[in-house]
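Reading through the structure tokens given below for one structure.
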Amino acid sequence: MKIAIIGARGLVGRAIYDRIKKDHDVTGITRSNYLLHTGSEYDVLINANGNSHKFWANQNPLGDYRFSVQTVAESLFDFKYKKYIFISSIDAEEPRGHYGFNKRIAEDIVKQYAGVWQIVRLCLVVGQNMNKGPVYNIKHCKPIYLTSGSTLQLISDKAVAESIDQIMAGPPNHLYRMYSTGSITIREIGEVLKKPLNISPEAHEEKYNFKSASPVRLRSAYQYLEEIL
């Protein structure tokens with residue numbers, strides 16, 4: 001198949017690209033070559049782009065809207081495709097701030113205009129190439145903006161990439177939820193990584209414990225965390 005991945009240099013986009021490039025004709029679309037490929041036609045267009053800085057998003061709702069909503073809307077009309085796959089976020093489940101609200105809006109825009117679509121909501125993604133997020137901050141002793149008792153659900157970029165063929169072959173106009181079985185606290189992440197916690201004075205509490213709906217069997221948050229050790 002002829003496939004394009006928007007955001008091919010990001011954590012998830014890169015993992016998907018590396019996974020499927022041997023079996024498909026894959027184009028990686030980035031900020032630098034987006035205009036070059038505008039108007040191109042693909043069997044599948046995977047959008048793994050968009051803002052993933054949740055703390056920044058909730059401080060800058062208009063900026064996040066541009067990155068998380070406007071760019072998605074533009075991509076729906078900038079390319080031709082038979083199927084559009086949107087990589088979304090667990091925060092669209094029950095939007096608790098601007099970040100989740102904008103992800104939900106982006107999903108609705110995809111449903112309205114894509115024709116044939118699939119939406120994949122991901123929990124916090126971890127991997128060897130991650131460069132942001134609470135797990136990255138704990139690993140590198142950077143400030144954490146979540147309380148020690150906050151709970152997260154995790155999945156590895158490798159697990160997402162390994163499931164992409166099953167997703168592409170799955171039913172059209174379908175929502176997938178790829179979340180680890182069970183959650184893990186910030187305190188427990190620090191213990192697994194053997195790192196002290198640098199909790200910011202601005203830290204707030206978040207609790208994630210949603211059920212998955214995935215084409216593949218998912219593992220525990222502890223198991224995905226151990227993949228990056």
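Every chain in the structure tokens has a letter given in the order shown (A, B, ...), and although residue numbers restart at 1 in each chain, ligands are simply numbered from 1 in the order shown.
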
Subject >> Nearby residues (only C-alpha atoms) at most 8 Å from range 116-119 of chain A, same-chain spacing under 4 positions excluded, as JSON, numbers by chain >> reply: {"A": [82, 83, 84, 85, 86, 87, 88, 107, 110, 111, 167, 172, 173, 174, 175, 176]}

Residues from last step as file, C-alpha atoms, as a PDB file, in the first residue's frame:
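Everything below was put into out-v2.pdb:
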ATOM      1  CA  LYS A  82      -8.769   6.268   0.842  1.00  0.00           C
ATOM      2  CA  LYS A  83      -8.488   6.029   4.621  1.00  0.00           C
ATOM      3  CA  TYR A  84      -7.459   8.573   7.253  1.00  0.00           C
ATOM      4  CA  ILE A  85      -6.026   7.358  10.580  1.00  0.00           C
ATOM      5  CA  PHE A  86      -5.842   9.945  13.353  1.00  0.00           C
ATOM      6  CA  ILE A  87      -3.582   9.347  16.337  1.00  0.00           C
ATOM      7  CA  SER A  88      -5.404  10.993  19.230  1.00  0.00           C
ATOM      8  CA  GLU A 107     -11.592  13.812  16.419  1.00  0.00           C
ATOM      9  CA  VAL A 110     -11.963  13.844  11.323  1.00  0.00           C
ATOM     10  CA  LYS A 111     -15.308  12.056  11.647  1.00  0.00           C
ATOM     11  CA  ILE A 167      -5.602  -1.287  12.788  1.00  0.00           C
ATOM     12  CA  PRO A 172     -13.753   1.621   8.938  1.00  0.00           C
ATOM     13  CA  ASN A 173     -15.062   4.506  11.020  1.00  0.00           C
ATOM     14  CA  HIS A 174     -13.894   2.876  14.237  1.00  0.00           C
ATOM     15  CA  LEU A 175     -12.392   4.208  17.470  1.00  0.00           C
ATOM     16  CA  TYR A 176      -9.548   2.282  19.136  1.00  0.00           C
TER      17      TYR A 176
END

Can you build me a table of range 107-164 of chain A residues sitting at most 10 Å from range 96-103 of chain A, with the closest atom pair per residue and its distance in Å to one decimal, using only C-alpha atoms, sorted by chain and residue number, as CSV?
residue,atom,partner,partner_atom,distance
A:Glu107,CA,A:Lys103,CA,6.3
A:Asp108,CA,A:Lys103,CA,8.8
A:Ile109,CA,A:Lys103,CA,9.9
A:Arg121,CA,A:Lys103,CA,9.6

Keeping only N, CA and C atoms, take the residues you just selected and write them out as a CSV table (one decimal), in the first residue's frame.
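Output below, filename selection15.csv:
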chain,number,residue,atom,x,y,z
A,107,GLU,N,-11.0,15.1,16.8
A,107,GLU,CA,-11.6,13.8,16.4
A,107,GLU,C,-12.9,14.0,15.7
A,108,ASP,N,-13.7,15.0,16.2
A,108,ASP,CA,-15.0,15.2,15.5
A,108,ASP,C,-14.8,15.8,14.1
A,109,ILE,N,-13.8,16.6,13.9
A,109,ILE,CA,-13.5,17.1,12.6
A,109,ILE,C,-13.1,15.9,11.6
A,121,ARG,N,-6.9,6.4,20.1
A,121,ARG,CA,-6.5,7.1,21.3
A,121,ARG,C,-5.4,6.4,22.0

**OP:** Would you mind writing down, as a ChimeraX atom specification, each residue of range 71-202 of chain A that DSSP on the backbone assigns to helix (DSSP H, G or I)?
**Re:** /A:71-78,90-92,98-113,134-139,157-168,186-193

Original post:
Of the candidates A:Thr181, A:Asn137, A:Gln153, A:Ser40, which shows the shortest atom-to-atom distance to Arg217 in chain A, using only C-alpha atoms?
Top reply: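 For Arg217 in chain A, the nearest of the given residues is A:Thr181.
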
**OP:** Measuring atom to atom with only C-alpha atoms, identify which of A:Ala4, A:Leu11, A:Leu229, A:Ala48 is nearest to Val125 in chain A.
**Re:**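 Once distances to Val125 in chain A are computed over only C-alpha atoms, the minimum belongs to A:Leu11.
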
I want to know what sits within 8 Å of Gly190 in chain A, based on only C-alpha atoms, with residues of the same chain fewer than 5 positions away left out; could you give that as a PDB file with N, CA and C atoms, in the first residue's frame?
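Result file around_25.pdb:
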ATOM      1  N   ILE A 138      11.013  12.332  34.939  1.00  0.00           N
ATOM      2  CA  ILE A 138      11.470  11.546  36.090  1.00  0.00           C
ATOM      3  C   ILE A 138      12.811  10.898  35.787  1.00  0.00           C
ATOM      4  N   LYS A 139      12.931  10.332  34.609  1.00  0.00           N
ATOM      5  CA  LYS A 139      14.171   9.646  34.206  1.00  0.00           C
ATOM      6  C   LYS A 139      15.363  10.587  34.223  1.00  0.00           C
ATOM      7  N   LYS A 195      14.827   6.738  40.492  1.00  0.00           N
ATOM      8  CA  LYS A 195      15.124   8.155  40.417  1.00  0.00           C
ATOM      9  C   LYS A 195      14.327   8.903  41.488  1.00  0.00           C
ATOM     10  N   PRO A 196      14.924   9.929  42.119  1.00  0.00           N
ATOM     11  CA  PRO A 196      14.162  10.755  43.059  1.00  0.00           C
ATOM     12  C   PRO A 196      13.184  11.633  42.299  1.00  0.00           C
ATOM     13  N   LEU A 197      12.083  11.971  42.934  1.00  0.00           N
ATOM     14  CA  LEU A 197      11.076  12.797  42.285  1.00  0.00           C
ATOM     15  C   LEU A 197      11.334  14.272  42.539  1.00  0.00           C
TER      16      LEU A 197
END

Original post:
Can you list, as a list in words, every protein, DNA or RNA residue that comes within 12 Å of His140 in chain A when you count only C-alpha atoms, leaving out same-chain residues fewer than 3 positions away?
Top reply: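 Skipping anything fewer than 3 positions along the chain leaves Met130, Asn131, Lys132, Gly133, Pro134, Val135, Tyr136, Asn137, Pro143, Ile144, Gly190, Leu193, Lys194, Lys195, Pro196, Leu197 and Asn198 of chain A.
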
Subject >> Nearest to Lys211 in chain A, chosen from A:Gln59, A:Thr27, A:Ser150, A:Ser183, with only C-alpha atoms counted in the distances >> reply: A:Ser183

Original post:
Between CA of Glu74 in chain A and CA of Phe55 in chain A, what is the spacing in Å?
Top reply: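 Going from CA of Phe55 in chain A over to CA of Glu74 in chain A covers 24.4 Å.
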
**OP:** Mind giving me the straight-line distance from CA of Ile29 in chain A to CA of Asn47 in chain A in Å, one decimal?
**Re:** 9.3 Å

**OP:** Output as a ChimeraX atom specification all residues of range 8-213 of chain A that backbone DSSP marks as strand (DSSP E).
**Re:** /A:25-29,41-47,80-89,117-122,124-126,144-146,151-152,154-156,174-178,184-185,199-204

Quick one: write out the picked residues with C-alpha atoms as a compact mmCIF listing (two decimals), in the first residue's frame?
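File produced: again_27.txt:
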# COMPACT_ATOMS: atom_id res chain seq x y z
CA ASP A 25 5.54 2.33 0.08
CA VAL A 26 5.80 4.84 2.93
CA THR A 27 6.29 8.60 2.79
CA GLY A 28 7.30 10.48 5.92
CA ILE A 29 5.73 13.93 6.00
CA GLU A 41 -2.69 10.65 -3.08
CA TYR A 42 -2.32 7.72 -0.68
CA ASP A 43 -4.14 4.54 0.25
CA VAL A 44 -3.74 5.45 3.93
CA LEU A 45 -2.87 8.78 5.51
CA ILE A 46 -1.75 8.46 9.14
CA ASN A 47 -1.73 11.69 11.14
CA LYS A 80 -6.08 12.65 -1.12
CA TYR A 81 -6.55 9.32 0.63
CA LYS A 82 -8.77 6.27 0.84
CA LYS A 83 -8.49 6.03 4.62
CA TYR A 84 -7.46 8.57 7.25
CA ILE A 85 -6.03 7.36 10.58
CA PHE A 86 -5.84 9.95 13.35
CA ILE A 87 -3.58 9.35 16.34
CA SER A 88 -5.40 10.99 19.23
CA SER A 89 -5.10 10.99 23.01
CA TRP A 117 -11.48 7.06 9.12
CA GLN A 118 -10.03 5.32 12.15
CA ILE A 119 -9.16 7.09 15.39
CA VAL A 120 -6.56 5.68 17.78
CA ARG A 121 -6.54 7.14 21.28
CA LEU A 122 -3.24 6.57 23.04
CA LEU A 124 1.09 8.26 27.62
CA VAL A 125 3.60 6.85 25.14
CA VAL A 126 7.07 5.90 26.34
CA ILE A 144 7.29 16.99 37.35
CA TYR A 145 3.96 18.76 37.19
CA LEU A 146 1.96 15.87 38.65
CA THR A 151 -1.86 7.72 38.20
CA LEU A 152 -0.96 7.22 34.55
CA LEU A 154 1.37 3.84 29.65
CA ILE A 155 2.07 2.21 26.30
CA SER A 156 5.32 1.90 24.36
CA HIS A 174 -13.89 2.88 14.24
CA LEU A 175 -12.39 4.21 17.47
CA TYR A 176 -9.55 2.28 19.14
CA ARG A 177 -8.41 2.83 22.71
CA MET A 178 -4.85 1.66 23.33
CA ILE A 184 0.88 3.32 37.75
CA THR A 185 1.56 6.20 40.13
CA ILE A 199 7.80 17.54 42.13
CA SER A 200 7.08 21.10 41.00
CA PRO A 201 5.20 23.47 43.35
CA GLU A 202 2.72 23.83 40.47
CA ALA A 203 2.00 20.08 40.43
CA HIS A 204 -1.61 18.94 40.26

Neighbour list for Thr71 in chain A as a compact mmCIF listing (two decimals) with C-alpha atoms, in the first residue's frame, cut-off 10 Å, only C-alpha atoms, skip fewer than 4 positions in-chain:
# COMPACT_ATOMS: atom_id res chain seq x y z
CA ASN A 47 -1.73 11.69 11.14
CA ASN A 49 1.24 14.98 14.34
CA GLY A 50 -0.16 17.59 16.72
CA ASN A 51 0.84 19.11 20.01
CA TYR A 65 -5.95 24.84 19.02
CA ARG A 66 -3.76 25.81 16.08
CA PHE A 67 -1.43 22.83 16.54
CA SER A 75 -4.47 17.87 6.49
CA LEU A 76 -7.92 16.46 5.71
CA ALA A 106 -10.01 17.27 16.24

**OP:** Mind giving me the straight-line distance from CA of Ala221 in chain A to CA of Ser180 in chain A in Å, one decimal?
**Re:** 5.3 Å
